[in-house]
>>> print(open('target.txt').read())   # compact mmCIF, C-alpha atoms
# COMPACT_ATOMS: atom_id res chain seq x y z
CA MET A 12 -28.02 60.98 13.91
CA ALA A 13 -29.80 61.22 10.55
CA ARG A 14 -30.07 58.00 8.57
CA ARG A 15 -28.77 57.82 5.03
CA ASN A 16 -31.58 58.01 2.48
CA PRO A 17 -31.67 54.45 1.15
CA ARG A 18 -33.10 55.66 -2.16
CA ARG A 19 -30.05 57.82 -2.89
CA GLY A 20 -27.75 56.70 -5.67
CA PHE A 21 -30.44 55.60 -8.07
CA ASP A 22 -28.85 54.48 -11.33
CA PRO A 23 -31.36 54.33 -14.21
CA GLU A 24 -29.21 52.03 -16.34
CA ALA A 25 -28.64 49.59 -13.48
CA ALA A 26 -32.35 49.71 -12.68
CA LEU A 27 -33.28 48.95 -16.29
CA ARG A 28 -30.76 46.11 -16.47
CA ALA A 29 -32.15 44.66 -13.24
CA HIS A 30 -35.69 44.93 -14.60
CA PHE A 31 -34.95 43.13 -17.85
CA ALA A 32 -32.79 40.54 -16.09
CA ALA A 33 -35.74 39.82 -13.80
CA GLU A 34 -37.97 39.43 -16.86
CA LEU A 35 -35.54 36.95 -18.37
CA ASP A 36 -35.36 35.05 -15.07
CA ALA A 37 -39.16 34.94 -15.00
CA GLU A 38 -39.20 33.45 -18.50
CA ARG A 39 -36.56 30.88 -17.51
CA ARG A 40 -38.61 29.87 -14.48
CA GLU A 41 -41.69 29.68 -16.69
CA ALA A 42 -39.84 27.48 -19.19
CA ALA A 43 -38.78 25.17 -16.36
CA ARG A 44 -42.34 25.08 -15.02
CA ARG A 45 -43.69 24.22 -18.46
CA GLY A 46 -41.17 21.39 -18.59
CA SER A 47 -42.63 19.85 -15.45
CA ARG A 48 -46.18 20.52 -16.67
CA LEU A 49 -45.31 18.59 -19.81
CA ARG A 50 -44.41 15.52 -17.74
CA GLU A 51 -47.72 15.86 -15.90
CA ASN A 52 -49.72 16.28 -19.11
CA THR A 53 -48.10 13.61 -21.25
CA ALA A 54 -49.32 10.98 -18.78
CA VAL A 55 -52.90 12.00 -19.58
CA VAL A 56 -52.96 13.56 -23.05
CA PRO A 57 -51.53 11.34 -25.77
CA GLY A 58 -50.69 14.28 -28.06
CA PRO A 59 -52.44 15.79 -31.07
CA PHE A 60 -51.44 13.12 -33.57
CA ALA A 61 -51.35 10.05 -31.39
CA ARG A 62 -55.09 9.26 -31.32
CA PRO A 63 -56.35 6.89 -34.02
CA LYS A 64 -59.32 8.28 -35.94
CA ALA A 65 -61.76 5.58 -34.91
CA THR A 66 -60.96 5.82 -31.22
CA LYS A 67 -62.97 7.83 -28.75
CA PRO A 68 -61.07 10.58 -26.98
CA VAL A 69 -59.37 8.97 -24.03
CA ALA A 70 -59.08 10.43 -20.59
CA THR A 71 -58.50 14.03 -21.58
CA ARG A 72 -60.81 14.92 -18.72
CA PRO A 73 -60.35 12.24 -16.08
CA ALA A 74 -62.46 14.12 -13.55
CA ALA A 75 -65.45 14.22 -15.90
CA ALA A 76 -65.09 10.54 -16.65
CA THR A 77 -65.01 9.50 -13.03
CA GLY A 78 -67.51 12.05 -11.80
CA GLY A 79 -64.93 13.66 -9.55
CA PRO A 80 -64.26 17.36 -9.12
CA ALA A 81 -63.07 19.35 -12.16
CA THR A 82 -59.31 19.80 -12.22
CA GLY A 83 -58.99 21.95 -15.35
CA ARG A 84 -56.73 19.35 -16.89
CA GLY A 85 -58.97 18.91 -19.92
CA ARG A 86 -58.68 22.57 -20.75
CA LYS A 87 -54.91 22.35 -20.34
CA GLY A 88 -54.86 19.43 -22.69
CA ARG A 89 -56.83 21.27 -25.34
CA ARG A 90 -54.54 24.26 -25.11
CA LEU A 91 -51.54 21.97 -25.30
CA ALA A 92 -52.92 20.36 -28.41
CA GLU A 93 -53.66 23.70 -30.05
CA SER A 94 -50.24 25.18 -29.43
CA ALA A 95 -48.62 21.90 -30.40
CA TYR A 96 -50.54 21.86 -33.65
CA ALA A 97 -49.39 25.39 -34.47
CA ALA A 98 -45.76 24.63 -33.68
CA ALA A 99 -45.93 21.35 -35.61
CA LEU A 100 -47.28 23.13 -38.64
CA ALA A 101 -44.50 25.71 -38.43
CA LEU A 102 -41.94 22.94 -38.14
CA ALA A 103 -43.50 20.96 -40.98
CA VAL A 104 -43.52 23.98 -43.26
CA GLY A 105 -39.95 24.76 -42.28
CA LEU A 106 -38.78 21.24 -42.97
CA SER A 107 -40.61 21.21 -46.29
CA LEU A 108 -38.96 24.46 -47.26
CA ALA A 109 -35.58 23.21 -46.11
CA GLY A 110 -36.03 20.10 -48.21
CA ALA A 111 -37.34 22.00 -51.18
CA ARG A 112 -34.39 24.38 -51.02
CA GLY A 113 -31.94 21.51 -51.00
CA LEU A 114 -31.04 21.87 -47.34
CA GLY A 115 -31.81 18.22 -46.80
CA GLY A 116 -28.83 17.57 -44.57
CA LEU A 117 -30.14 19.63 -41.73
CA GLY A 118 -33.72 18.52 -42.21
CA ASP A 119 -32.65 14.90 -42.18
CA ALA A 120 -30.57 15.49 -39.11
CA ILE A 121 -33.64 16.81 -37.30
CA ALA A 122 -35.95 14.11 -38.57
CA GLU A 123 -33.63 11.22 -37.88
CA THR A 124 -31.95 12.27 -34.69
CA THR A 125 -34.38 14.57 -32.95
CA LEU A 126 -37.77 13.45 -34.15
CA ARG A 127 -37.31 9.73 -34.67
CA GLY A 128 -34.44 9.16 -32.31
CA GLY A 129 -36.59 9.60 -29.22
CA GLY A 130 -34.95 12.89 -28.33
CA ALA A 131 -38.21 14.81 -28.38
CA ARG A 132 -39.07 14.06 -24.78
CA ALA A 133 -35.71 15.29 -23.53
CA VAL A 134 -35.94 18.37 -25.70
CA GLY A 135 -39.48 18.96 -24.50
CA GLU A 136 -38.41 19.10 -20.90
CA VAL A 137 -36.19 21.97 -21.90
CA PHE A 138 -38.41 23.61 -24.47
CA GLY A 139 -41.85 23.43 -22.91
CA SER A 140 -44.98 21.54 -23.60
CA GLY A 141 -46.18 22.99 -26.91
CA PHE A 142 -43.00 22.46 -28.80
CA ALA A 143 -42.28 19.02 -27.39
CA ALA A 144 -45.74 17.75 -28.24
CA ALA A 145 -45.36 19.25 -31.69
CA ILE A 146 -42.08 17.45 -32.26
CA GLU A 147 -43.51 14.17 -31.02
CA GLY A 148 -46.64 14.66 -33.07
CA PHE A 149 -44.71 15.59 -36.12
CA GLY A 150 -42.42 12.61 -35.64
CA ALA A 151 -45.46 10.34 -35.48
CA LEU A 152 -46.93 12.02 -38.53
CA LYS A 153 -43.72 11.51 -40.48
CA GLY A 154 -43.46 7.92 -39.32
CA ALA A 155 -47.01 7.16 -40.37
CA GLY A 156 -46.92 9.08 -43.63
CA THR A 157 -43.68 7.88 -45.17
CA ALA A 158 -42.05 4.50 -45.32
CA GLU A 159 -38.69 4.22 -43.61
CA GLY A 160 -36.01 5.25 -46.05
CA ALA A 161 -38.49 6.34 -48.73
CA PRO A 162 -37.79 9.67 -50.42
CA ARG A 163 -39.80 12.58 -49.06
CA SER A 164 -42.52 14.05 -51.22
CA PHE A 165 -43.84 17.55 -50.72
CA GLY A 166 -46.86 17.17 -52.99
CA ARG A 167 -47.63 20.25 -54.96
CA PHE A 168 -44.62 22.06 -53.51
CA LYS A 169 -42.21 19.57 -55.01
CA MET B 21 -15.84 24.83 -35.28
CA GLU B 22 -14.34 27.34 -32.90
CA ASP B 23 -14.67 27.26 -29.14
CA GLY B 24 -17.02 29.69 -27.45
CA GLU B 25 -19.50 30.02 -30.27
CA ALA B 26 -23.06 30.48 -29.17
CA VAL B 27 -24.46 28.37 -31.98
CA ALA B 28 -22.85 26.37 -34.75
CA ARG B 29 -24.10 23.99 -37.35
CA PRO B 30 -24.43 20.35 -36.31
CA GLU B 31 -21.71 18.05 -37.55
CA GLY B 32 -23.31 14.72 -36.75
CA LYS B 33 -26.47 13.21 -35.36
CA GLY B 34 -25.44 13.35 -31.70
CA ASP B 35 -24.07 16.81 -32.25
CA ALA B 36 -27.37 17.92 -33.80
CA ASP B 37 -29.31 16.70 -30.74
CA ARG B 38 -26.99 18.44 -28.35
CA ARG B 39 -26.97 21.70 -30.27
CA PHE B 40 -30.74 21.69 -30.67
CA GLU B 41 -31.11 21.26 -26.92
CA GLU B 42 -28.59 24.02 -26.24
CA LEU B 43 -30.38 26.30 -28.64
CA GLY B 44 -33.67 25.79 -26.84
CA ARG B 45 -32.30 25.96 -23.32
CA GLU B 46 -30.65 29.33 -23.86
CA TRP B 47 -32.72 31.03 -26.51
CA LEU B 48 -36.30 30.01 -25.82
CA PRO B 49 -36.54 32.10 -22.62
CA ARG B 50 -34.62 34.92 -24.27
CA ALA B 51 -37.06 34.97 -27.18
CA ALA B 52 -40.00 35.05 -24.78
CA ALA B 53 -38.37 37.84 -22.75
CA TYR B 54 -37.77 39.92 -25.88
CA ALA B 55 -41.35 39.35 -27.02
CA ARG B 56 -42.53 40.75 -23.67
CA ALA B 57 -41.10 44.12 -24.63
CA PHE B 58 -43.70 44.49 -27.37
CA GLY B 59 -46.60 44.11 -24.92
CA GLY B 60 -50.00 42.72 -25.88
CA LEU B 61 -48.96 39.05 -25.82
CA SER B 62 -50.01 36.63 -23.14
CA ALA B 63 -47.62 34.12 -21.57
CA GLU B 64 -49.12 31.42 -23.82
CA ASP B 65 -48.63 33.59 -26.90
CA ARG B 66 -45.02 34.17 -25.96
CA GLU B 67 -44.49 30.49 -25.31
CA ASP B 68 -45.77 29.54 -28.77
CA LEU B 69 -43.89 32.35 -30.42
CA ALA B 70 -40.60 31.48 -28.73
CA ALA B 71 -40.95 27.81 -29.72
CA GLU B 72 -41.68 28.80 -33.29
CA ALA B 73 -38.70 31.18 -33.33
CA VAL B 74 -36.34 28.46 -32.10
CA ALA B 75 -37.72 26.01 -34.68
CA LYS B 76 -37.33 28.55 -37.46
CA ALA B 77 -33.82 29.46 -36.35
CA TRP B 78 -32.84 25.79 -36.28
CA LEU B 79 -34.23 25.17 -39.73
CA ALA B 80 -32.62 28.30 -41.16
CA ILE B 81 -29.28 27.84 -39.42
CA ASP B 82 -27.55 27.13 -42.71
CA GLY B 83 -28.21 30.77 -43.56
CA TYR B 84 -26.56 32.01 -40.38
CA ASP B 85 -23.03 33.32 -40.81
CA GLU B 86 -21.06 31.91 -37.88
CA ARG B 87 -18.53 34.74 -38.06
CA ARG B 88 -21.23 37.15 -36.92
CA PRO B 89 -22.93 37.28 -33.51
CA PHE B 90 -25.89 34.96 -33.25
CA ALA B 91 -28.16 37.16 -31.10
CA PRO B 92 -29.05 39.85 -33.67
CA TRP B 93 -29.78 37.19 -36.29
CA PHE B 94 -31.99 35.29 -33.89
CA PHE B 95 -33.81 38.34 -32.55
CA ALA B 96 -34.59 39.44 -36.09
CA ILE B 97 -36.54 36.17 -36.44
CA VAL B 98 -38.26 36.71 -33.09
CA ARG B 99 -39.13 40.27 -34.05
CA ARG B 100 -40.78 39.25 -37.32
CA LEU B 101 -42.83 36.59 -35.56
CA THR B 102 -43.81 38.96 -32.76
CA LEU B 103 -44.96 41.69 -35.13
CA ASP B 104 -46.93 39.11 -37.13
CA ALA B 105 -48.55 37.81 -33.94
CA LEU B 106 -49.48 41.32 -32.82
CA ASP B 107 -50.84 42.11 -36.25
CA ARG B 108 -53.01 38.98 -36.14
CA LYS B 109 -54.27 39.99 -32.70
CA ARG B 110 -55.13 43.47 -33.90
CA ARG B 111 -57.01 42.07 -36.86
CA GLU B 112 -58.88 39.69 -34.60
CA GLY B 113 -59.73 42.56 -32.26
CA ALA B 114 -58.14 40.81 -29.34
CA PHE B 115 -55.43 43.37 -28.75
CA GLY B 116 -55.28 45.17 -25.44
CA GLY B 117 -56.61 42.40 -23.26
CA ALA B 118 -53.27 40.97 -22.26
CA SER B 119 -50.81 42.68 -19.98
CA CYS B 120 -47.16 43.01 -20.89
CA GLY B 121 -46.52 40.36 -18.28
CA ILE B 122 -44.75 42.18 -15.51
CA ASP B 123 -46.66 40.57 -12.67
CA PRO B 124 -44.43 37.49 -12.19
CA LEU B 125 -41.57 39.80 -11.31
CA ALA B 126 -43.24 40.70 -8.07
CA GLU B 127 -42.76 37.08 -7.03
CA ALA B 128 -39.01 37.15 -7.69
CA VAL B 129 -38.06 37.59 -4.07
CA SER B 130 -34.83 36.65 -2.37
CA THR B 131 -35.21 35.49 1.23
CA HIS B 132 -31.66 36.43 2.22
CA ARG B 133 -32.13 40.15 2.64
CA GLY B 134 -33.22 42.39 5.41
CA ALA B 135 -36.87 43.34 5.49
CA GLU B 136 -36.28 47.03 4.74
CA GLU B 137 -33.84 46.32 1.94
CA GLU B 138 -36.23 43.78 0.48
CA LEU B 139 -39.11 46.23 0.63
CA LEU B 140 -37.05 48.89 -1.12
CA ARG B 141 -35.93 46.43 -3.76
CA LYS B 142 -39.51 45.39 -4.46
CA GLU B 143 -40.65 48.97 -4.53
CA THR B 144 -37.87 49.90 -6.95
CA ALA B 145 -38.62 46.89 -9.13
CA GLY B 146 -42.30 47.79 -9.21
CA PHE B 147 -41.54 51.40 -10.02
CA VAL B 148 -39.19 50.50 -12.88
CA ALA B 149 -41.63 47.89 -14.20
CA GLY B 150 -44.37 50.52 -14.28
CA PHE B 151 -42.07 52.95 -16.03
CA VAL B 152 -41.03 50.38 -18.66
CA ALA B 153 -44.65 49.36 -19.22
CA GLY B 154 -45.48 52.99 -19.95
CA LEU B 155 -42.75 53.43 -22.56
CA PRO B 156 -43.65 53.54 -26.24
CA PRO B 157 -43.26 50.05 -27.75
CA ALA B 158 -40.22 51.02 -29.85
CA ASP B 159 -38.38 52.33 -26.79
CA ARG B 160 -39.32 49.28 -24.76
CA GLU B 161 -38.01 47.02 -27.49
CA LEU B 162 -34.74 48.92 -27.77
CA ALA B 163 -34.20 48.93 -24.00
CA SER B 164 -34.98 45.22 -23.87
CA LEU B 165 -32.38 44.44 -26.54
CA VAL B 166 -29.64 46.57 -24.99
CA TYR B 167 -30.27 46.16 -21.26
CA GLY B 168 -31.99 42.78 -21.26
CA GLN B 169 -30.28 40.88 -24.04
CA ASP B 170 -26.91 42.67 -23.83
CA LEU B 171 -26.79 43.48 -27.50
CA ARG B 172 -24.40 46.17 -28.62
CA LEU B 173 -26.02 49.44 -29.57
CA ALA B 174 -25.38 48.93 -33.31
CA GLU B 175 -26.77 45.37 -33.17
CA ALA B 176 -29.86 46.45 -31.27
CA ALA B 177 -30.44 49.32 -33.68
CA ARG B 178 -30.20 46.97 -36.64
CA VAL B 179 -32.66 44.49 -35.13
CA ALA B 180 -35.10 47.24 -34.17
CA GLY B 181 -34.77 48.86 -37.60
CA MET B 182 -33.46 52.26 -36.54
CA ALA B 183 -30.30 54.28 -37.07
CA VAL B 184 -27.53 53.87 -34.48
CA GLY B 185 -27.64 57.56 -33.67
CA THR B 186 -31.38 57.40 -33.09
CA ALA B 187 -30.98 54.36 -30.87
CA LYS B 188 -28.30 56.07 -28.80
CA TRP B 189 -30.43 59.15 -28.41
CA ARG B 190 -33.53 57.11 -27.50
CA LEU B 191 -31.65 55.22 -24.79
CA PHE B 192 -30.35 58.46 -23.36
CA GLU B 193 -33.90 59.84 -23.29
CA ILE B 194 -35.19 56.68 -21.61
CA ARG B 195 -32.59 56.88 -18.85
CA LYS B 196 -33.24 60.58 -18.40
CA ALA B 197 -37.00 60.07 -18.22
CA LEU B 198 -36.57 57.27 -15.67
CA ARG B 199 -34.35 59.42 -13.48
CA LYS B 200 -36.84 62.29 -13.66
CA ALA B 201 -39.74 60.02 -12.83
CA TRP B 202 -37.79 58.62 -9.90
CA GLU B 203 -36.99 62.08 -8.58
CA ARG B 204 -40.61 63.13 -8.90
CA GLU B 205 -41.61 60.12 -6.84
CA TYR B 206 -38.84 59.87 -4.25
CA GLY B 207 -36.87 63.12 -4.34
CA GLU B 208 -33.32 63.65 -5.49
CA ALA B 209 -31.66 60.51 -6.80
>>> encode(input="target.txt", output="structure tokens")
Amino acid sequence: MARRNPRRGFDPEAALRAHFAAELDAERREAARRGSRLRENTAVVPGPFARPKATKPVATRPAAATGGPATGRGRKGRRLAESAYAAALALAVGLSLAGARGLGGLGDAIAETTLRGGGARAVGEVFGSGFAAAIEGFGALKGAGTAEGAPRSFGRFK
Amino acid sequence: MEDGEAVARPEGKGDADRRFEELGREWLPRAAAYARAFGGLSAEDREDLAAEAVAKAWLAIDGYDERRPFAPWFFAIVRRLTLDALDRKRREGAFGGASCGIDPLAEAVSTHRGAEEELLRKETAGFVAGFVAGLPPADRELASLVYGQDLRLAEAARVAGMAVGTAKWRLFEIRKALRKAWEREYGEA
């Protein structure tokens, strides 16, 4: 008895939907993986804004410091810092614009609840390493640059 | 605030935290998946771009009309950022080195199927991935919005910057081309 051709009944639309659903699933898995990589990295890399100027870089490459085998973690850290810097700049510009356009309510909500309120780590686990580090870094930057409760100044953009 | 809204403005501090987290959880992967459709961006590029899109959407949420669907508004932001990123890459001469990122799909394997069925599924997935990768970028973007992000045709057309009639015709052509390609490869569908 002849077997049914298993490739019969091909539906292009269903195939395209399955393809793009698989892509989305892959991105969701990647986002989850980046969340766990963040936890691994934050133990070693303090973040782009956390290092005081006069301090030597600390333990971004633990293998090099101890003479052990290279783990690639230093490179990860640099990439983390770069992407974090970019995201932080985008966020900073956005917040400045929001403030300049009189949308202070939302900007304050982000600064006070998300950035200063310690929510960045939790958000980072969801969002991925670059953005979380950016939020933390930006929070530190804001904390260092302005006194608590002082009005924000946007320099020449004010 | 009505129930069932995808995104709404925060009403308080705790609400802002929760909504920000919801925004990221749902829309960060969707932004990255949509950016895939353009090709030419690495996983790291898409990661940065998606994070930037979510940040921009959050900061601009006062400009979002809650009576309208959120997805087209959000994908318009992602699209602008993606085109800017691709433009930067072209200017830097780095374009063409990155794949459109279809390789992780080969790893998306369920262990609860028969061997033959699983083989066929993987083969089909690989075939469709190859077909999609070979589409012109505009078609890939449109198919991604309609079949991947479940946007309505009119919404997808607006985001992609084309007339609804054109979008409808393009989707028909894509499906037809896929069916033809399948039949060339495997016989009558």
>>> closest_residue(input="target.txt", among="A:Ala33, A:Glu38, A:Arg19, A:Ala43", to="Tyr167 of chain B", atoms="all atoms listed in the file")
A:Ala33
>>> closest_residue(input="target.txt", among="B:Gly113, B:Leu140, B:Gly185, B:Ala176", to="chain A", atoms="all atoms listed in the file")
B:Leu140
>>> residues_around(input="target.txt", residues="Asp170 of chain B", least_positions_apart="4", cutoff="10 Å", atoms="only C-alpha atoms", output="list of chain:residue names")
A:Arg28, A:Ala32, B:Ala91, B:Ala163, B:Ser164, B:Leu165, B:Val166, B:Glu175, B:Ala176
>>> write_last_selection(input="target.txt", atoms="C-alpha atoms", output="PDB file, in the frame of the given file")
ATOM      1  CA  ARG A  28     -30.760  46.110 -16.470  1.00  0.00           C
ATOM      2  CA  ALA A  32     -32.790  40.540 -16.090  1.00  0.00           C
TER       3      ALA A  32
ATOM      4  CA  ALA B  91     -28.160  37.160 -31.100  1.00  0.00           C
ATOM      5  CA  ALA B 163     -34.200  48.930 -24.000  1.00  0.00           C
ATOM      6  CA  SER B 164     -34.980  45.220 -23.870  1.00  0.00           C
ATOM      7  CA  LEU B 165     -32.380  44.440 -26.540  1.00  0.00           C
ATOM      8  CA  VAL B 166     -29.640  46.570 -24.990  1.00  0.00           C
ATOM      9  CA  GLU B 175     -26.770  45.370 -33.170  1.00  0.00           C
ATOM     10  CA  ALA B 176     -29.860  46.450 -31.270  1.00  0.00           C
TER      11      ALA B 176
END
>>> closest_atom_pairs(input="target.txt", of="chain B", to="chain A", cutoff="6 Å", atoms="all atoms listed in the file", output="Markdown table")
| residue | atom | partner | partner_atom | distance |
| --- | --- | --- | --- | --- |
| B:Lys33 | CA | A:Thr124 | CA | 5.6 |
| B:Asp37 | CA | A:Thr125 | CA | 5.9 |
| B:Glu41 | CA | A:Val134 | CA | 5.8 |
| B:Gly44 | CA | A:Phe138 | CA | 5.7 |
| B:Arg45 | CA | A:Val137 | CA | 5.8 |
| B:Pro49 | CA | A:Glu38 | CA | 5.1 |
| B:Ala53 | CA | A:Leu35 | CA | 5.3 |
| B:Ala71 | CA | A:Phe142 | CA | 5.8 |
| B:Glu72 | CA | A:Ala98 | CA | 5.8 |
| B:Tyr167 | CA | A:Arg28 | CA | 4.8 |
| B:Gly168 | CA | A:Phe31 | CA | 4.5 |
| B:Arg195 | CA | A:Pro23 | CA | 5.4 |
| B:Arg199 | CA | A:Pro23 | CA | 5.9 |
| B:Ala209 | CA | A:Arg19 | CA | 5.0 |
>>> atom_distance(input="target.txt", atom1="atom CA of Leu61 of chain B", atom2="atom CA of Leu106 of chain B")
7.4 Å
